[in-house]
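File shown: model.cif (mmCIF, C-alpha atoms and all ligand atoms).
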data_protein
loop_
_atom_site.label_atom_id
_atom_site.label_comp_id
_atom_site.auth_asym_id
_atom_site.auth_seq_id
_atom_site.Cartn_x
_atom_site.Cartn_y
_atom_site.Cartn_z
CA MET Z 229 -5.40 19.63 2.67
CA LEU Z 230 -2.20 18.67 4.45
CA ILE Z 231 -2.35 18.08 8.17
CA THR Z 232 -0.18 20.27 10.39
CA LYS Z 233 0.62 19.92 14.07
CA ASN Z 234 -1.79 22.61 15.27
CA ILE Z 235 -4.85 21.09 13.67
CA LYS Z 236 -7.26 19.37 16.04
CA MET Z 237 -6.75 15.64 16.04
CA ALA Z 238 -10.52 15.20 15.68
CA ASP Z 239 -10.40 17.16 12.41
CA VAL Z 240 -7.71 14.85 11.09
CA ILE Z 241 -10.22 12.03 11.17
CA HIS Z 242 -12.96 14.23 9.73
CA THR Z 243 -10.64 15.10 6.85
CA ASN Z 244 -10.11 11.49 5.97
CA TYR Z 245 -11.36 8.59 8.00
CA PHE Z 246 -8.68 6.27 6.65
CA THR Z 247 -6.39 8.00 9.14
CA LEU Z 248 -8.18 6.01 11.85
CA SER Z 249 -6.01 3.04 11.05
CA VAL Z 250 -2.90 5.20 11.35
CA LEU Z 251 -3.90 6.43 14.79
CA ASN Z 252 -4.51 2.85 15.75
CA ARG Z 253 -0.99 1.90 14.64
CA PHE Z 254 0.57 4.64 16.69
CA GLY Z 255 -1.41 3.45 19.69
CA ILE Z 256 -3.49 6.63 19.86
CA GLU Z 257 -6.99 6.14 21.20
CA LEU Z 258 -10.10 8.16 20.44
CA GLY Z 259 -11.63 10.64 22.87
CA PHE Z 260 -9.10 13.43 22.43
CA ALA Z 261 -11.69 16.22 22.73
CA ASP Z 262 -10.23 19.38 21.19
CA LYS Z 263 -6.57 18.57 21.60
CA SER Z 264 -4.26 19.37 18.70
CA VAL Z 265 -2.22 16.84 16.80
CA SER Z 266 0.96 17.76 18.65
CA GLU Z 267 -0.76 17.62 22.06
CA VAL Z 268 -2.14 14.18 21.39
CA CYS Z 269 1.16 12.94 19.99
CA ASN Z 270 3.01 14.20 23.04
CA GLN Z 271 0.53 12.53 25.31
CA TYR Z 272 1.17 9.19 23.62
CA GLN Z 273 4.90 9.83 23.16
CA VAL Z 274 4.62 9.72 19.42
CA ASP Z 275 7.11 11.64 17.28
CA VAL Z 276 4.98 14.49 15.90
CA ALA Z 277 6.97 15.13 12.74
CA PHE Z 278 6.97 11.46 11.81
CA PHE Z 279 3.28 11.10 12.60
CA LEU Z 280 2.46 14.07 10.37
CA GLU Z 281 4.36 12.72 7.40
CA ILE Z 282 2.79 9.30 7.69
CA VAL Z 283 -0.72 10.63 8.19
CA ASN Z 284 -0.32 12.98 5.23
CA THR Z 285 0.66 10.17 2.90
CA PHE Z 286 -2.70 8.68 3.79
CA VAL Z 287 -4.61 11.91 3.35
CA ASP Z 288 -3.13 12.79 -0.03
CA LYS Z 289 -2.18 9.93 -2.28
CA ASP Z 290 0.23 12.12 -4.22
CA TYR Z 291 2.08 13.18 -1.12
CA PHE Z 292 5.17 11.14 -0.48
CA PRO Z 293 8.13 13.16 0.85
CA LYS Z 294 10.71 10.41 0.34
CA LYS Z 295 13.68 12.56 1.25
CA HIS Z 296 12.17 13.89 4.44
CA LEU Z 297 10.95 10.46 5.48
CA GLN Z 298 14.50 9.21 5.08
CA THR Z 299 15.68 11.64 7.75
CA PHE Z 300 13.80 9.79 10.50
CA SER Z 301 15.65 7.14 12.45
CA VAL Z 302 15.63 3.52 11.40
CA LYS Z 303 14.19 2.79 14.82
CA LEU Z 304 11.19 5.00 14.18
CA ILE Z 305 10.62 3.71 10.68
CA THR Z 306 10.92 0.02 11.50
CA ASP Z 307 8.75 0.44 14.59
CA TYR Z 308 6.04 1.85 12.42
CA LEU Z 309 6.45 -0.88 9.79
CA GLN Z 310 6.29 -3.52 12.47
CA LYS Z 311 3.12 -2.03 13.92
CA THR Z 312 1.62 -2.12 10.46
CA HIS Z 313 2.45 -5.81 10.15
CA HIS Z 314 0.75 -6.34 13.45
CA TYR Z 315 -2.32 -4.48 12.21
CA TYR Z 316 -2.53 -6.72 9.14
CA HIS Z 317 -2.27 -9.89 11.16
CA GLN Z 318 -4.45 -8.86 14.08
CA VAL Z 319 -7.10 -6.80 12.31
CA LYS Z 320 -7.25 -6.92 8.53
CA VAL Z 321 -6.58 -10.58 7.83
CA PRO Z 322 -9.02 -11.90 10.46
CA GLU Z 323 -11.68 -9.51 9.11
CA ILE Z 324 -11.29 -10.89 5.63
CA GLU Z 325 -11.16 -14.47 6.86
CA SER Z 326 -14.35 -14.04 8.76
CA LEU Z 327 -16.11 -12.53 5.74
CA ILE Z 328 -15.06 -15.44 3.56
CA GLU Z 329 -16.13 -17.86 6.26
CA GLN Z 330 -19.54 -16.19 6.45
CA MET Z 331 -19.86 -16.43 2.68
CA VAL Z 332 -19.03 -20.12 2.73
CA ASN Z 333 -21.54 -20.73 5.51
CA SER Z 334 -24.38 -18.71 4.04
CA CYS Z 335 -24.26 -20.28 0.62
CA TYR Z 336 -25.36 -23.75 -0.29
CA THR Z 337 -25.33 -23.69 -4.05
CA GLN Z 338 -21.70 -23.02 -4.76
CA LYS Z 339 -19.84 -23.98 -1.67
CA GLU Z 340 -17.12 -25.52 -3.79
CA THR Z 341 -16.05 -22.32 -5.46
CA LEU Z 342 -16.17 -20.43 -2.19
CA VAL Z 343 -14.01 -23.06 -0.57
CA LEU Z 344 -11.51 -22.40 -3.34
CA LEU Z 345 -11.56 -18.73 -2.50
CA LYS Z 346 -11.03 -19.58 1.11
CA LYS Z 347 -8.04 -21.76 0.32
CA PHE Z 348 -6.58 -19.05 -1.87
CA PHE Z 349 -6.74 -16.60 0.97
CA THR Z 350 -5.39 -19.06 3.53
CA ASP Z 351 -2.36 -19.62 1.30
CA TYR Z 352 -2.02 -15.91 0.90
CA LYS Z 353 -2.13 -15.39 4.61
CA LEU Z 354 0.78 -17.82 5.06
CA GLU Z 355 2.73 -15.97 2.44
CA LEU Z 356 2.07 -12.67 4.19
CA ILE Z 357 3.12 -14.16 7.52
CA ASN Z 358 6.37 -15.44 6.01
CA HIS Z 359 7.03 -12.13 4.36
CA THR Z 360 6.60 -10.02 7.47
CA HIS Z 361 8.29 -12.61 9.65
CA ARG Z 362 11.41 -12.49 7.52
CA GLU Z 363 11.44 -8.71 7.73
CA GLU Z 364 11.04 -8.74 11.48
CA GLN Z 365 13.57 -11.48 12.12
CA ILE Z 366 16.26 -10.56 9.63
CA VAL Z 367 15.84 -7.27 7.87
CA PHE Z 368 14.76 -4.95 10.68
CA PRO Z 369 17.31 -6.30 13.22
CA TYR Z 370 20.01 -5.82 10.61
CA THR Z 371 19.00 -2.23 9.90
CA LEU Z 372 18.81 -1.48 13.62
CA ALA Z 373 22.28 -2.90 14.23
CA LEU Z 374 23.52 -0.86 11.34
CA GLU Z 375 22.06 2.29 12.84
CA GLN Z 376 23.79 1.55 16.14
CA VAL Z 377 27.13 1.16 14.42
CA TYR Z 378 26.46 4.28 12.43
CA SER Z 379 25.88 6.40 15.49
CA SER Z 380 28.71 5.13 17.67
CA GLU Z 381 32.36 6.11 17.55
CA LYS Z 382 33.72 2.74 18.50
CA PRO Z 383 31.13 0.11 17.75
CA ASP Z 384 31.26 -3.27 19.36
CA SER Z 385 33.04 -5.84 17.21
CA SER Z 386 30.12 -8.23 17.59
CA LEU Z 387 27.90 -5.53 16.14
CA LEU Z 388 30.23 -5.12 13.19
CA LYS Z 389 30.02 -8.88 12.67
CA VAL Z 390 26.24 -8.64 12.32
CA LEU Z 391 26.76 -6.29 9.42
CA GLU Z 392 28.60 -8.93 7.47
CA THR Z 393 25.65 -11.29 7.58
CA TYR Z 394 23.27 -9.27 5.46
CA SER Z 395 23.00 -6.25 3.23
CA ILE Z 396 20.18 -4.05 2.13
CA ASP Z 397 20.76 -5.08 -1.49
CA ILE Z 398 19.82 -8.63 -0.57
CA PHE Z 399 16.58 -7.31 0.86
CA GLN Z 400 15.86 -5.25 -2.20
CA ASN Z 401 16.29 -8.29 -4.41
CA GLU Z 402 14.31 -10.72 -2.34
CA HIS Z 403 11.51 -8.34 -1.41
CA ASP Z 404 8.54 -9.62 -3.34
CA ASN Z 405 5.38 -7.97 -4.40
CA ILE Z 406 2.95 -9.13 -1.78
CA GLU Z 407 -0.07 -7.26 -3.17
CA GLU Z 408 -0.20 -9.13 -6.44
CA LYS Z 409 -2.30 -12.01 -5.18
CA LEU Z 410 -4.82 -9.63 -3.65
CA PHE Z 411 -5.19 -7.99 -7.00
CA ASP Z 412 -5.93 -11.40 -8.54
CA LEU Z 413 -8.40 -12.27 -5.84
CA LYS Z 414 -10.28 -9.02 -6.41
CA ASN Z 415 -10.39 -9.58 -10.13
CA ILE Z 416 -11.60 -13.14 -9.75
CA ILE Z 417 -14.45 -11.93 -7.55
CA ILE Z 418 -15.29 -8.99 -9.78
CA LYS Z 419 -15.06 -10.74 -13.11
CA TYR Z 420 -15.44 -14.46 -12.74
CA LEU Z 421 -17.02 -15.66 -9.52
CA PRO Z 422 -20.62 -16.80 -10.00
CA GLN Z 423 -22.35 -14.26 -7.82
CA PRO Z 424 -23.45 -15.60 -4.47
CA LYS Z 425 -26.98 -14.78 -3.33
CA ASP Z 426 -25.71 -12.55 -0.60
CA SER Z 427 -24.02 -9.77 -2.53
CA LYS Z 428 -23.72 -7.71 0.64
CA LEU Z 429 -21.03 -9.99 2.01
CA CYS Z 430 -19.31 -10.12 -1.31
CA ASN Z 431 -19.19 -6.33 -1.56
CA LYS Z 432 -17.86 -6.05 1.94
CA LEU Z 433 -15.17 -8.56 1.11
CA LEU Z 434 -14.17 -6.64 -2.00
CA TYR Z 435 -14.03 -3.43 -0.03
CA GLU Z 436 -11.71 -5.03 2.51
CA LEU Z 437 -9.50 -6.48 -0.21
CA PHE Z 438 -9.14 -3.10 -1.92
CA ASN Z 439 -8.34 -1.59 1.41
CA LEU Z 440 -5.69 -4.12 2.38
CA GLU Z 441 -4.10 -4.05 -1.07
CA GLN Z 442 -3.75 -0.27 -0.91
CA ASP Z 443 -2.42 -0.40 2.62
CA ILE Z 444 0.20 -3.01 1.82
CA SER Z 445 1.27 -1.12 -1.25
CA ASP Z 446 1.76 2.05 0.86
CA HIS Z 447 3.64 -0.03 3.37
CA SER Z 448 5.96 -1.57 0.78
CA ARG Z 449 6.58 1.88 -0.61
CA ILE Z 450 8.00 2.94 2.74
CA GLU Z 451 10.19 -0.15 2.81
CA GLU Z 452 11.48 0.30 -0.70
CA LYS Z 453 11.62 4.04 -1.12
CA VAL Z 454 12.48 5.12 2.42
CA LEU Z 455 14.13 2.34 4.39
CA VAL Z 456 16.22 0.85 1.56
CA PRO Z 457 17.81 4.08 0.28
CA LYS Z 458 18.36 5.34 3.82
CA VAL Z 459 20.10 2.16 4.91
CA ARG Z 460 22.12 2.01 1.72
CA GLU Z 461 23.55 5.45 2.46
CA MET Z 462 24.43 4.35 5.97
CA GLU Z 463 26.10 1.20 4.66
CA LYS Z 464 28.28 3.28 2.36
CA GLU Z 465 29.26 5.63 5.16
CA ILE Z 466 30.10 2.76 7.53
CA ASN Z 467 32.19 1.04 4.90
CA LYS Z 468 34.19 4.20 4.51
CA ARG Z 469 34.61 4.61 8.23
CA PHE Z 470 35.37 1.13 9.48
CA PHE Z 471 36.39 -1.00 6.56
CA LYS Z 472 38.54 1.50 4.72
CA ASN Z 473 39.25 -0.27 1.50
CA MET M 25 -13.44 -0.58 -24.50
CA SER M 26 -10.09 -0.64 -22.82
CA LYS M 27 -8.56 2.64 -21.85
CA THR M 28 -5.75 4.53 -23.49
CA SER M 29 -2.98 4.59 -20.94
CA PHE M 30 -0.38 7.23 -20.19
CA ILE M 31 2.84 7.55 -18.26
CA ILE M 32 4.26 10.98 -17.46
CA ILE M 33 7.98 11.48 -16.93
CA GLU M 34 8.68 15.04 -15.88
CA LYS M 35 10.65 16.67 -13.08
CA SER M 36 8.36 19.58 -12.37
CA TYR M 37 5.56 18.79 -9.98
CA LEU M 38 3.40 21.56 -11.40
CA ILE M 39 3.75 20.36 -14.96
CA ARG M 40 3.07 16.75 -13.97
CA LYS M 41 -0.04 17.76 -12.09
CA GLY M 42 -1.24 19.92 -14.93
CA MET M 43 -0.66 17.23 -17.51
CA ALA M 44 -2.39 14.65 -15.32
CA SER M 45 -5.46 16.83 -14.91
CA LEU M 46 -5.71 17.29 -18.69
CA ILE M 47 -5.45 13.57 -19.34
CA GLU M 48 -8.16 13.04 -16.78
CA LYS M 49 -10.52 15.21 -18.80
CA ILE M 50 -10.36 12.86 -21.78
CA PRO M 51 -12.79 9.96 -21.51
CA ASN M 52 -11.42 6.43 -21.47
CA THR M 53 -7.91 7.36 -20.53
CA SER M 54 -5.92 6.37 -17.54
CA LEU M 55 -2.70 7.65 -16.10
CA ILE M 56 -0.77 4.63 -14.94
CA HIS M 57 2.26 6.29 -13.50
CA GLN M 58 4.13 9.52 -12.95
CA PHE M 59 7.87 9.66 -12.51
CA ASP M 60 9.94 12.55 -11.37
CA ASN M 61 13.42 11.10 -11.37
CA GLU M 62 15.72 8.52 -12.82
CA ASP M 63 15.77 6.11 -9.90
CA ASP M 64 12.14 5.33 -10.27
CA ILE M 65 12.24 5.00 -14.00
CA LYS M 66 13.98 1.67 -13.59
CA SER M 67 10.63 0.22 -12.58
CA LEU M 68 9.22 1.27 -15.95
CA ASP M 69 9.67 -2.15 -17.47
CA HIS M 70 6.75 -3.61 -15.52
CA LEU M 71 4.45 -1.09 -17.05
CA GLU M 72 2.58 -1.09 -20.28
CA ALA M 73 1.32 2.14 -21.70
CA ASP M 74 0.04 3.50 -24.96
CA PHE M 75 1.81 6.81 -24.50
CA ILE M 76 4.73 8.09 -22.53
CA ILE M 77 4.75 11.83 -22.14
CA LEU M 78 8.32 12.70 -21.44
CA ASN M 79 10.45 15.73 -20.80
CA PRO M 80 13.35 15.34 -23.27
CA ASP M 81 15.72 16.76 -20.65
CA LEU M 82 15.33 13.50 -18.75
CA LEU M 83 16.49 11.37 -21.65
CA SER M 84 19.61 9.90 -20.12
CA THR M 85 20.98 6.57 -21.30
CA ASN M 86 19.26 4.82 -18.39
CA VAL M 87 15.91 6.27 -19.26
CA LEU M 88 16.37 5.35 -22.90
CA LYS M 89 17.18 1.81 -21.92
CA ALA M 90 14.14 1.56 -19.70
CA ILE M 91 11.91 2.96 -22.41
CA LYS M 92 13.24 0.53 -25.01
CA LYS M 93 12.27 -2.35 -22.76
CA ILE M 94 8.65 -1.34 -22.87
CA LYS M 95 6.46 -2.81 -25.54
CA ASN M 96 7.42 -1.38 -28.88
CA ASN M 97 4.01 -0.01 -29.71
CA THR M 98 4.26 2.53 -26.93
CA GLN M 99 4.47 6.01 -28.43
CA LEU M 100 6.58 8.82 -27.09
CA VAL M 101 5.33 12.36 -26.77
CA SER M 102 7.65 15.14 -25.71
CA ILE M 103 6.71 17.84 -23.28
CA SER M 104 8.94 20.88 -23.22
CA ASP M 105 9.44 24.54 -23.75
CA ALA M 106 8.66 25.40 -27.37
CA ALA M 107 12.06 27.06 -27.70
CA ILE M 108 13.99 23.91 -26.91
CA SER M 109 15.03 21.77 -29.81
CA ILE M 110 14.26 18.13 -29.31
CA SER M 111 16.56 15.20 -29.96
CA LYS M 112 15.91 13.60 -33.31
CA ASP M 113 17.35 10.22 -32.30
CA ILE M 114 13.94 9.24 -31.13
CA ASP M 115 10.69 8.76 -32.93
CA TRP M 116 8.36 11.25 -31.33
CA ALA M 117 4.70 10.66 -32.00
CA GLY M 118 3.97 14.24 -31.03
CA SER M 119 5.09 17.16 -28.95
CA ILE M 120 3.36 19.25 -26.35
CA PHE M 121 4.67 22.65 -25.33
CA ILE M 122 4.19 24.13 -21.93
CA GLU M 123 3.07 27.35 -23.58
CA ASP M 124 0.18 25.52 -25.30
CA SER M 125 -3.36 26.42 -24.31
CA GLN M 126 -5.63 23.86 -22.73
CA ASN M 127 -7.49 23.36 -25.99
CA THR M 128 -4.34 22.92 -28.04
CA ILE M 129 -3.10 20.25 -25.68
CA LEU M 130 -6.43 18.46 -25.57
CA ASN M 131 -6.59 18.54 -29.37
CA LYS M 132 -3.08 17.17 -29.66
CA LEU M 133 -3.87 14.37 -27.24
CA ASN M 134 -7.13 13.52 -28.94
CA THR M 135 -5.41 13.40 -32.32
CA LEU M 136 -2.74 11.10 -30.95
CA ILE M 137 -5.36 8.83 -29.44
CA GLY M 138 -7.40 8.91 -32.65
CA ASN M 139 -4.37 7.96 -34.76
CA ARG M 140 -3.81 4.94 -32.62
CA GLY M 141 -7.47 4.03 -32.93
CA SER M 142 -7.16 1.41 -35.64
CA THR M 143 -4.50 -0.61 -33.87
CA LYS M 144 -6.31 -0.19 -30.62
CA ILE M 145 -9.65 -1.53 -31.74
CA LYS M 146 -8.09 -4.72 -33.03
CA SER M 147 -6.88 -5.65 -29.58
CA GLU M 148 -10.28 -4.93 -28.14
CA LEU M 149 -12.07 -7.85 -29.64
CA PRO M 150 -13.57 -10.02 -26.92
CA GLU M 151 -10.66 -11.12 -24.82
CA GLU M 152 -11.41 -14.79 -24.79
CA ILE M 153 -8.53 -17.15 -24.43
CA SER M 154 -7.71 -19.35 -27.39
CA LYS M 155 -7.72 -23.11 -27.42
CA ARG M 156 -3.92 -23.15 -27.23
CA GLU M 157 -3.92 -20.71 -24.34
CA ALA M 158 -6.44 -22.86 -22.53
CA ASP M 159 -4.05 -25.82 -22.92
CA ILE M 160 -1.24 -23.79 -21.43
CA LEU M 161 -3.45 -22.47 -18.67
CA LYS M 162 -4.45 -26.01 -17.79
CA ASN M 163 -0.83 -27.01 -17.38
CA ILE M 164 0.00 -23.93 -15.34
CA ALA M 165 -2.89 -24.74 -13.03
CA LEU M 166 -1.66 -28.30 -12.72
CA GLY M 167 1.60 -26.91 -11.40
CA PHE M 168 3.94 -27.45 -14.35
CA SER M 169 6.84 -25.11 -14.99
CA ASN M 170 7.36 -23.24 -18.25
CA LYS M 171 10.05 -25.70 -19.24
CA GLU M 172 7.85 -28.71 -18.54
CA ILE M 173 4.95 -27.21 -20.44
CA ALA M 174 7.21 -26.47 -23.39
CA ASP M 175 8.41 -30.09 -23.48
CA LYS M 176 4.90 -31.48 -23.18
CA LEU M 177 3.43 -29.37 -25.94
CA PHE M 178 6.50 -29.45 -28.22
CA ILE M 179 6.93 -25.69 -28.25
CA SER M 180 9.77 -23.46 -27.05
CA ALA M 181 9.88 -22.11 -23.51
CA HIS M 182 9.84 -18.67 -25.05
CA THR M 183 6.49 -19.40 -26.70
CA VAL M 184 5.10 -20.56 -23.36
CA VAL M 185 6.14 -17.26 -21.80
CA THR M 186 4.43 -15.32 -24.57
CA HIS M 187 1.24 -17.33 -24.10
CA ARG M 188 1.38 -16.74 -20.36
CA LYS M 189 1.68 -13.01 -20.88
CA ASN M 190 -1.33 -13.04 -23.17
CA ILE M 191 -3.35 -15.10 -20.74
CA THR M 192 -2.54 -12.71 -17.92
CA ARG M 193 -3.40 -9.69 -20.02
CA LYS M 194 -6.69 -11.14 -21.16
CA LEU M 195 -7.87 -12.40 -17.79
CA GLY M 196 -6.35 -9.76 -15.52
CA ILE M 197 -4.87 -12.48 -13.34
CA LYS M 198 -1.14 -12.64 -12.71
CA THR M 199 -0.35 -15.34 -10.17
CA VAL M 200 -0.44 -19.10 -10.46
CA PRO M 201 -2.97 -19.60 -7.64
CA GLY M 202 -5.18 -16.97 -9.26
CA LEU M 203 -4.97 -18.68 -12.64
CA THR M 204 -5.72 -22.00 -10.97
CA ILE M 205 -8.98 -20.69 -9.53
CA TYR M 206 -9.93 -19.31 -12.91
CA ALA M 207 -9.19 -22.67 -14.52
CA ILE M 208 -11.37 -24.48 -11.99
CA LEU M 209 -14.23 -21.99 -12.23
CA ASN M 210 -14.21 -22.39 -15.99
CA LYS M 211 -13.89 -26.16 -15.93
CA ILE M 212 -10.52 -26.10 -17.64
CA ILE M 213 -9.33 -28.40 -14.90
CA ASP M 214 -11.13 -30.35 -12.25
CA ILE M 215 -10.77 -29.29 -8.65
CA ASN M 216 -9.52 -32.78 -7.76
CA ASP M 217 -6.64 -32.52 -10.22
CA THR M 218 -4.92 -29.83 -8.21
CA GLU M 219 -3.81 -31.60 -5.09
FE FE Z 501 6.75 -5.08 5.72
FE FE Z 502 7.62 -6.01 2.82
#
Please lay out the structure from this file as structure tokens.
Ligand SMILES: [Fe+2]
Ligand SMILES: [Fe+2]
Amino acid sequence: MLITKNIKMADVIHTNYFTLSVLNRFGIELGFADKSVSEVCNQYQVDVAFFLEIVNTFVDKDYFPKKHLQTFSVKLITDYLQKTHHYYHQVKVPEIESLIEQMVNSCYTQKETLVLLKKFFTDYKLELINHTHREEQIVFPYTLALEQVYSSEKPDSSLLKVLETYSIDIFQNEHDNIEEKLFDLKNIIIKYLPQPKDSKLCNKLLYELFNLEQDISDHSRIEEKVLVPKVREMEKEINKRFFKN
Amino acid sequence: MSKTSFIIIEKSYLIRKGMASLIEKIPNTSLIHQFDNEDDIKSLDHLEADFIILNPDLLSTNVLKAIKKIKNNTQLVSISDAAISISKDIDWAGSIFIEDSQNTILNKLNTLIGNRGSTKIKSELPEEISKREADILKNIALGFSNKEIADKLFISAHTVVTHRKNITRKLGIKTVPGLTIYAILNKIIDINDTE
């Protein structure tokens, strides 16, 4: 079922509880009684149309209206992406770290292998931080500057200068697959790790890894299939308009 | 037993969905990817599939190029209107028509899968890594590059790459840190060798 703006926000969560993390990203808190999606969005000053598209990609894994998503502003899209980064760093990664830590602490027989796992994830965390940091420091500011130029008649020359420093093609080429290591980690745990006594922790960890991997892959899809093509179109248009040759 | 894998390339959402739901009905199959346009097909070369079910209308030069890059034992199956004549430049393993009944399609798919059977089973022997692969894995885990490994073992860099691909396929681990953990867990290297 696809979510529409007149559905009760409470029912959105009943439909699929994964949407909880989406609400969280948009800063929407629970306790909305019987308010509809659009009422709640308005209350939190969230763009209803954008919220609906994002939430629906979570509800239905086959639903991904690329073209429509590209019609939203760069500001809206990068804001959302940035909030997702924040969610990884503030919520998901610490959760996983704490589970691994608990596993290390509760196990005496094979501490060594668990320490390996821990190191693997610590390295991964650094990689994730670098990845999102680069996007937030270079890519998103560039796309935002580009949008400003795009929507103004006579853009500031300093703004036009910014555009010469980067291009979305560079991003597309350097954007690496950040889920791959999570996939490996899962497989190592599923196939090769001598099973620790406490399988409960191990299962929880796997569940979190699956969850984060899926989330990051959805996130990257928005970067690659929505932001990149959108910005590329804008680049073309700006080139025509301001650098006619 | 590893699964028989499919990719569907078709513009129509309804046909893709329908095809996907039929594949789902056959045990031990998996649908790895569905494409609806050319842009996305470029990413085909990361994928490995036993069958690509493809609408011949989408056979542009780009698509052909992308398909050629895929492992050569991938078989192509057309999906189209029975009335449309299909390009003979390509080796089709079979053809499915949108007018076909559910049973006809399932039979066609099962036959295709059955015909592959013999080649399939061979690759399903226990996926243990060979002695040579273990050597390579050891060197990967120790942090050597393909070139360095090639020089050390007196083989070509190309051979190293092939071994790496096989190791990854057998173990289901793609990254160097992942392979390193595997190597340590299996005593191919010692944990103290890594730092
Ligand atoms: Fe990102
Ligand atoms: Fe990214």
Enumerate residues in contact with ligand FE 502 (chain Z): an atom-to-atom distance of at most 8 Å, counting all atoms listed in the file. Format the result as a short mmCIF file (atom, residue, chain, number, x, y, z; two decimals) with C-alpha atoms, keeping the file's coordinate frame.
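Contents of result36.cif, freshly written:
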data_model
loop_
_atom_site.label_atom_id
_atom_site.label_comp_id
_atom_site.auth_asym_id
_atom_site.auth_seq_id
_atom_site.Cartn_x
_atom_site.Cartn_y
_atom_site.Cartn_z
CA HIS Z 359 7.03 -12.13 4.36
CA THR Z 360 6.60 -10.02 7.47
CA GLU Z 363 11.44 -8.71 7.73
CA HIS Z 403 11.51 -8.34 -1.41
CA ASP Z 404 8.54 -9.62 -3.34
CA ASN Z 405 5.38 -7.97 -4.40
CA ILE Z 406 2.95 -9.13 -1.78
CA HIS Z 447 3.64 -0.03 3.37
CA SER Z 448 5.96 -1.57 0.78
CA GLU Z 451 10.19 -0.15 2.81
#
Within 10 Å of ligand FE 501 (chain Z) (counting only C-alpha atoms and all ligand atoms), which residues show up? I'd like them as a compact mmCIF listing (two decimals) with C-alpha atoms, in the coordinates of the input.
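In the end it all went to part_33.txt:
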# COMPACT_ATOMS: atom_id res chain seq x y z
CA THR Z 306 10.92 0.02 11.50
CA TYR Z 308 6.04 1.85 12.42
CA LEU Z 309 6.45 -0.88 9.79
CA GLN Z 310 6.29 -3.52 12.47
CA LYS Z 311 3.12 -2.03 13.92
CA THR Z 312 1.62 -2.12 10.46
CA HIS Z 313 2.45 -5.81 10.15
CA HIS Z 314 0.75 -6.34 13.45
CA LEU Z 356 2.07 -12.67 4.19
CA ILE Z 357 3.12 -14.16 7.52
CA HIS Z 359 7.03 -12.13 4.36
CA THR Z 360 6.60 -10.02 7.47
CA HIS Z 361 8.29 -12.61 9.65
CA ARG Z 362 11.41 -12.49 7.52
CA GLU Z 363 11.44 -8.71 7.73
CA GLU Z 364 11.04 -8.74 11.48
CA VAL Z 367 15.84 -7.27 7.87
CA PHE Z 368 14.76 -4.95 10.68
CA HIS Z 403 11.51 -8.34 -1.41
CA ILE Z 406 2.95 -9.13 -1.78
CA ILE Z 444 0.20 -3.01 1.82
CA SER Z 445 1.27 -1.12 -1.25
CA ASP Z 446 1.76 2.05 0.86
CA HIS Z 447 3.64 -0.03 3.37
CA SER Z 448 5.96 -1.57 0.78
CA ARG Z 449 6.58 1.88 -0.61
CA ILE Z 450 8.00 2.94 2.74
CA GLU Z 451 10.19 -0.15 2.81
CA GLU Z 452 11.48 0.30 -0.70
Find the residues of chain Z in contact range of chain M, meaning any atom within 10 Å when counting all atoms listed in the file, and list them as a PyMOL selection string.
-> chain Z and resi 290+340-341+344-345+347-349+351-352+408-416+419-422+453
With a cut-off of 10 Å, could you pull out the residues of stretch 358-445 of chain Z touching stretch 454-460 of chain Z and give me the nearest pair of atoms for each, distance in Å to one decimal, using all atoms listed in the file, ordered by chain and ascending number, as a Markdown table?
| residue | atom | partner | partner_atom | distance |
| --- | --- | --- | --- | --- |
| Z:Phe368 | CA | Z:Leu455 | CA | 9.6 |
| Z:Tyr370 | CA | Z:Val459 | CA | 9.8 |
| Z:Thr371 | CA | Z:Val459 | CA | 6.7 |
| Z:Leu372 | CA | Z:Val459 | CA | 9.5 |
| Z:Leu374 | CA | Z:Val459 | CA | 7.9 |
| Z:Glu375 | CA | Z:Val459 | CA | 8.2 |
| Z:Ser395 | CA | Z:Arg460 | CA | 8.4 |
| Z:Ile396 | CA | Z:Val456 | CA | 6.3 |
| Z:Asp397 | CA | Z:Arg460 | CA | 7.9 |
| Z:Phe399 | CA | Z:Val456 | CA | 8.2 |
| Z:Gln400 | CA | Z:Val456 | CA | 7.2 |
Could you work out how far atom CA of Z:Lys294 lies from atom CA of M:Thr98, giving the answer in Å with one decimal?
-> 29.1 Å
Could you give me the centre and size, in Å to one decimal, of an axis-aligned box around all listed atoms of stretch 203-218 of chain M with 6 Å added on every side, as lines of an AutoDock Vina configuration file?
center_x = -9.6
center_y = -25.7
center_z = -12.7
size_x = 21.3
size_y = 26.1
size_z = 21.9
Any idea what's packed within 12 Å of stretch 178-185 of chain M, counting all atoms listed in the file, ignoring anything in its chain fewer than 5 positions away? Could you give it as a PyMOL selection string?
-> chain M and resi 156-161+163-164+168-173+190-192
Interatomic distance (Å, one decimal) between atom CA of Z:Leu230 and atom CA of Z:Leu280 = 8.8 Å
Pick out the closest residue to M:Ile120 from this set: M:Ala174, M:Ile39, M:Ala73, M:Leu166. Count all atoms listed in the file.
->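 Smallest distance to M:Ile120 is found for M:Ile39.
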All residues 12 Å or closer to Z:Phe279, only C-alpha atoms, same chain fewer than 4 positions away omitted, as a count of residues only = 31
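Distance annotation: of Z:Ser334, Z:Thr299, Z:Gln376, Z:Ser264, the residue with the minimal separation from Z:Cys430 is Z:Ser334; atom set is all atoms listed in the file.
Take atom CA of M:Phe121 and atom CA of M:Ser102: the distance between them is 8.1 Å.
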What lies within 10 Å of stretch 44-48 of chain M using only C-alpha atoms, ignoring chain neighbours under 6 positions off, as JSON, numbers by chain?
-> {"M": [28, 29, 30, 31, 32, 38, 54, 55, 57, 58, 126, 127, 129, 130, 133, 134]}
